[in-house]
Amino acid sequence: MCTIPDVTDKLSSMISPSLPSFPRRFPTGLLFLSFLLTSSMASCQPTPEHKTQMVHPSPFIHPLFTFDLDEWNKLKSQMPLKAHQDFEPFLDDMAQVLSENQNLILVDKKNPLPEEWKPTELLSLDSYSQLIKNKTGMQLDRPALESLMNMVQAAQNEGITLLISSAYRSYNYQEKLFQYYVQQDGESRAEHYSARPGTSQHQLGTCVDFGSITNDFVKTTAGQWLHENGSRFGWSLSYPQGAQEKTGYMWESWHWRYIGPEATAMQKNYFEDSQQDFLEFWSLHEERFRSAWKDSELENDPAPKERGE
Ligand SMILES: [Zn+2]
């Protein structure tokens with residue numbers, strides 16, 4: 001608060017005619033009064049010096065990350081090309097994905113899950129009569145199930161039914177399944193379409209197989225709808241056509257993984273819509289981005305204004 005000192009008493013004592021020395025002291029009193037007024041008024045106005053002191057130019061290239069230009073330049077070569085040209089929207093998107101904190105673990109033939117790995121909160125699909133299922137006893141992790149409910153509803157609003165054919169599979173179940181296919185077709189053939197235990201995304205509890213579990217699914221209206229709308233709800237096609245070398249699996253138009261709409265947007269914008277490329281990138285760089293991310297600091301920051309934002 002800026003207050004002007006009460007100078008009335010000082011003034012009256014200075015200019016009071018009862019004072020014998022008035023004629024001599026008057027000019028001095030006026031000068032003093034003028035000094036008081038000027039200095040008290042001046043303290044109400046921020047001087048250029050004040051302004052300069054309040055602004056601290058940030059060394060960081062983005063308000064949400066503690067990357068300075070040197071650091072970013074070192075990191076840049078490992079980033080998608082589009083992020084080189086324009087890092088601001090890339091870091092905006094990165095902050096979004098970090099804040100959603102979905103399960104983005106890379107699971108493939110080279111990166112298996114441990115036998116004991118389980119989703120955080122498995123829920124039974126049997127409790128939801130809105131979901132059309134081809135068997136009972138299926139489960140999904142909560143975020144995936146919640147998103148699935150929304151997506152199924154949106155499809156239904158357009159007269160389309162998304163049939164759910166498979167969801168969570170435990171390590172042990174996958175082990176039995178793989179063995180069954182090995183007996184049917186031999187190990188090398190089975191490896192192309194079935195996952196060894198630990199290497200199935202179904203163990204995450206965030207994957208759903210839709211429809212017939214054949215590539216005829218893509219020809220159906222449900223398959224078309226999912227390919228057009230799935231990413232909007234955060235669902236990503238894990239094994240696209242022509243990507244067998246990259247993913248290790250044949251085309252599976254029916255197998256979708258929930259990664260969240262922020263992540264599907266990043267996958268689309270920076271990784272040519274390849275889930276495998278995005279998740280490989282994420283597994284390499286998440287820790288670096290998370291440690292440079294400022295969001296967790298904001299609540300406890302003693303002087304957020306000093307960031308110059
Ligand atoms: Zn599947």
# chains A, B, ... in the order shown; residues from 1 in each chain; ligands from 1
$ residues_near_ligand --ligand "ligand 1" --cutoff "7 Å" --atoms "only C-alpha atoms and all ligand atoms" --output "short mmCIF file (atom, residue, chain, number, x, y, z; two decimals) with N, CA and C atoms, in the first residue's frame"
data_model
loop_
_atom_site.label_atom_id
_atom_site.label_comp_id
_atom_site.auth_asym_id
_atom_site.auth_seq_id
_atom_site.Cartn_x
_atom_site.Cartn_y
_atom_site.Cartn_z
N SER A 166 -12.05 -59.47 -26.94
CA SER A 166 -10.98 -59.88 -26.03
C SER A 166 -10.44 -58.63 -25.33
N HIS A 202 -1.90 -57.22 -24.29
CA HIS A 202 -3.12 -57.52 -23.53
C HIS A 202 -2.85 -57.62 -22.02
N CYS A 207 -5.91 -52.96 -23.74
CA CYS A 207 -6.12 -53.35 -25.14
C CYS A 207 -7.41 -54.11 -25.33
N VAL A 208 -8.01 -53.88 -26.49
CA VAL A 208 -9.26 -54.58 -26.83
C VAL A 208 -9.13 -55.14 -28.25
N ASP A 209 -9.57 -56.37 -28.42
CA ASP A 209 -9.76 -56.92 -29.77
C ASP A 209 -11.23 -56.77 -30.09
N HIS A 255 -7.02 -55.03 -33.26
CA HIS A 255 -6.35 -54.89 -31.96
C HIS A 255 -6.00 -53.42 -31.69
#
$ residues_around --residues "Tyr173 (chain A)" --least-positions-apart "3" --cutoff "12 Å" --atoms "only C-alpha atoms" --output "JSON, numbers by chain"
{"A": [115, 167, 168, 169, 170, 176, 177, 178, 179, 180, 195, 196, 197, 198, 200, 202, 203]}
$ write_last_selection --atoms "N, CA and C atoms" --output "PDB file, in the first residue's frame"
ATOM      1  N   GLU A 115       6.579 -61.272 -15.339  1.00  0.00           N
ATOM      2  CA  GLU A 115       5.450 -62.171 -15.091  1.00  0.00           C
ATOM      3  C   GLU A 115       4.468 -61.581 -14.081  1.00  0.00           C
ATOM      4  N   ALA A 167     -10.003 -58.793 -24.071  1.00  0.00           N
ATOM      5  CA  ALA A 167      -9.480 -57.631 -23.340  1.00  0.00           C
ATOM      6  C   ALA A 167      -8.218 -58.030 -22.569  1.00  0.00           C
ATOM      7  N   TYR A 168      -8.212 -57.885 -21.250  1.00  0.00           N
ATOM      8  CA  TYR A 168      -7.015 -58.199 -20.455  1.00  0.00           C
ATOM      9  C   TYR A 168      -6.668 -59.687 -20.524  1.00  0.00           C
ATOM     10  N   ARG A 169      -5.378 -59.970 -20.628  1.00  0.00           N
ATOM     11  CA  ARG A 169      -4.907 -61.360 -20.511  1.00  0.00           C
ATOM     12  C   ARG A 169      -3.735 -61.385 -19.553  1.00  0.00           C
ATOM     13  N   SER A 170      -3.807 -62.263 -18.592  1.00  0.00           N
ATOM     14  CA  SER A 170      -2.697 -62.379 -17.636  1.00  0.00           C
ATOM     15  C   SER A 170      -1.508 -63.056 -18.319  1.00  0.00           C
ATOM     16  N   LYS A 176      -0.474 -70.070 -21.853  1.00  0.00           N
ATOM     17  CA  LYS A 176      -1.279 -71.217 -22.315  1.00  0.00           C
ATOM     18  C   LYS A 176      -1.710 -71.008 -23.767  1.00  0.00           C
ATOM     19  N   LEU A 177      -2.120 -69.764 -24.080  1.00  0.00           N
ATOM     20  CA  LEU A 177      -2.585 -69.443 -25.427  1.00  0.00           C
ATOM     21  C   LEU A 177      -1.477 -69.670 -26.452  1.00  0.00           C
ATOM     22  N   PHE A 178      -0.281 -69.160 -26.130  1.00  0.00           N
ATOM     23  CA  PHE A 178       0.855 -69.300 -27.053  1.00  0.00           C
ATOM     24  C   PHE A 178       1.187 -70.776 -27.269  1.00  0.00           C
ATOM     25  N   GLN A 179       1.189 -71.534 -26.197  1.00  0.00           N
ATOM     26  CA  GLN A 179       1.472 -72.968 -26.307  1.00  0.00           C
ATOM     27  C   GLN A 179       0.448 -73.678 -27.200  1.00  0.00           C
ATOM     28  N   TYR A 180      -0.794 -73.270 -27.070  1.00  0.00           N
ATOM     29  CA  TYR A 180      -1.866 -73.855 -27.887  1.00  0.00           C
ATOM     30  C   TYR A 180      -1.578 -73.616 -29.375  1.00  0.00           C
ATOM     31  N   ALA A 195       1.557 -63.745 -29.229  1.00  0.00           N
ATOM     32  CA  ALA A 195       2.680 -63.212 -28.455  1.00  0.00           C
ATOM     33  C   ALA A 195       3.133 -64.216 -27.409  1.00  0.00           C
ATOM     34  N   ARG A 196       4.449 -64.288 -27.228  1.00  0.00           N
ATOM     35  CA  ARG A 196       4.972 -65.086 -26.115  1.00  0.00           C
ATOM     36  C   ARG A 196       4.539 -64.417 -24.818  1.00  0.00           C
ATOM     37  N   PRO A 197       4.404 -65.188 -23.734  1.00  0.00           N
ATOM     38  CA  PRO A 197       4.004 -64.562 -22.465  1.00  0.00           C
ATOM     39  C   PRO A 197       4.946 -63.408 -22.104  1.00  0.00           C
ATOM     40  N   GLY A 198       4.357 -62.287 -21.648  1.00  0.00           N
ATOM     41  CA  GLY A 198       5.157 -61.098 -21.297  1.00  0.00           C
ATOM     42  C   GLY A 198       5.250 -60.104 -22.441  1.00  0.00           C
ATOM     43  N   SER A 200       2.775 -59.656 -24.728  1.00  0.00           N
ATOM     44  CA  SER A 200       1.460 -59.272 -25.238  1.00  0.00           C
ATOM     45  C   SER A 200       0.997 -57.960 -24.607  1.00  0.00           C
ATOM     46  N   HIS A 202      -1.896 -57.218 -24.286  1.00  0.00           N
ATOM     47  CA  HIS A 202      -3.118 -57.519 -23.526  1.00  0.00           C
ATOM     48  C   HIS A 202      -2.849 -57.616 -22.019  1.00  0.00           C
ATOM     49  N   GLN A 203      -1.602 -57.878 -21.656  1.00  0.00           N
ATOM     50  CA  GLN A 203      -1.257 -57.955 -20.223  1.00  0.00           C
ATOM     51  C   GLN A 203      -1.371 -56.570 -19.567  1.00  0.00           C
TER      52      GLN A 203
END
$ residues_around --residues "Asp86 (chain A)" --least-positions-apart "4" --cutoff "12 Å" --atoms "only C-alpha atoms" --output "ChimeraX atom specification"
/A:61-62,76,79-82,90-93,270
$ write_last_selection --atoms "C-alpha atoms" --output "PDB file, in the first residue's frame"
ATOM      1  CA  ILE A  61      12.998 -21.920 -23.923  1.00  0.00           C
ATOM      2  CA  HIS A  62       9.485 -22.964 -22.814  1.00  0.00           C
ATOM      3  CA  LYS A  76      17.071 -31.843 -30.566  1.00  0.00           C
ATOM      4  CA  MET A  79      13.514 -35.447 -31.483  1.00  0.00           C
ATOM      5  CA  PRO A  80      11.098 -35.867 -34.422  1.00  0.00           C
ATOM      6  CA  LEU A  81      11.975 -33.601 -37.360  1.00  0.00           C
ATOM      7  CA  LYS A  82       8.841 -31.509 -36.978  1.00  0.00           C
ATOM      8  CA  PHE A  90       5.885 -29.945 -29.530  1.00  0.00           C
ATOM      9  CA  LEU A  91       6.688 -29.095 -25.910  1.00  0.00           C
ATOM     10  CA  ASP A  92       3.062 -27.992 -25.348  1.00  0.00           C
ATOM     11  CA  ASP A  93       1.920 -31.434 -26.536  1.00  0.00           C
ATOM     12  CA  TYR A 270       5.021 -36.270 -34.846  1.00  0.00           C
TER      13      TYR A 270
END
$ atom_distance --atom1 "CA of Trp72 (chain A)" --atom2 "CA of Thr264 (chain A)"
24.0 Å
$ select_by_dssp --residues "region 50-155 of chain A" --states "strand (DSSP E or B)" --output "PyMOL selection string"
chain A and resi 60-62+65-68+108+111+122-124+133+139-141
$ write_last_selection --atoms "C-alpha atoms" --output "compact mmCIF listing (two decimals), in the first residue's frame"
# COMPACT_ATOMS: atom_id res chain seq x y z
CA PHE A 60 14.34 -21.55 -20.39
CA ILE A 61 13.00 -21.92 -23.92
CA HIS A 62 9.48 -22.96 -22.81
CA PHE A 65 10.17 -27.07 -19.08
CA THR A 66 13.58 -26.32 -17.62
CA PHE A 67 15.39 -26.68 -20.93
CA ASP A 68 17.77 -23.88 -21.80
CA ASP A 108 6.89 -55.87 -27.71
CA ASN A 111 10.59 -55.44 -24.33
CA LEU A 122 -8.79 -54.14 -13.29
CA LEU A 123 -12.57 -53.89 -13.65
CA SER A 124 -14.94 -56.52 -14.98
CA LYS A 133 -19.37 -58.69 -25.60
CA GLN A 139 -11.49 -57.13 -17.67
CA LEU A 140 -9.85 -53.78 -18.43
CA ASP A 141 -7.87 -51.20 -16.47
$ closest_residue --among "A:Leu98, A:Pro89, A:Ser77, A:His84" --to "Ser291 (chain A)" --atoms "only C-alpha atoms"
A:Leu98
$ select_by_dssp --residues "region 66-105 of chain A" --states "helix (DSSP H, G or I)" --output "ChimeraX atom specification"
/A:69-76,81-85,87-100
$ write_last_selection --atoms "C-alpha atoms" --output "compact mmCIF listing (two decimals), in the first residue's frame"
# COMPACT_ATOMS: atom_id res chain seq x y z
CA LEU A 69 18.83 -23.38 -25.39
CA ASP A 70 22.07 -25.35 -25.00
CA GLU A 71 20.30 -28.33 -23.53
CA TRP A 72 17.57 -28.27 -26.14
CA ASN A 73 20.10 -28.07 -28.96
CA LYS A 74 21.79 -31.20 -27.61
CA LEU A 75 18.48 -33.03 -27.25
CA LYS A 76 17.07 -31.84 -30.57
CA LEU A 81 11.98 -33.60 -37.36
CA LYS A 82 8.84 -31.51 -36.98
CA ALA A 83 9.90 -30.61 -33.43
CA HIS A 84 13.21 -29.19 -34.73
CA GLN A 85 11.42 -26.62 -36.81
CA PHE A 87 9.64 -26.76 -30.67
CA GLU A 88 6.93 -24.76 -28.86
CA PRO A 89 3.86 -26.76 -29.96
CA PHE A 90 5.89 -29.95 -29.53
CA LEU A 91 6.69 -29.10 -25.91
CA ASP A 92 3.06 -27.99 -25.35
CA ASP A 93 1.92 -31.43 -26.54
CA MET A 94 4.61 -33.15 -24.51
CA ALA A 95 3.38 -31.41 -21.32
CA GLN A 96 -0.16 -32.59 -22.11
CA VAL A 97 0.91 -36.21 -22.47
CA LEU A 98 2.97 -36.01 -19.25
CA SER A 99 0.05 -34.53 -17.31
CA GLU A 100 -2.34 -37.28 -18.44
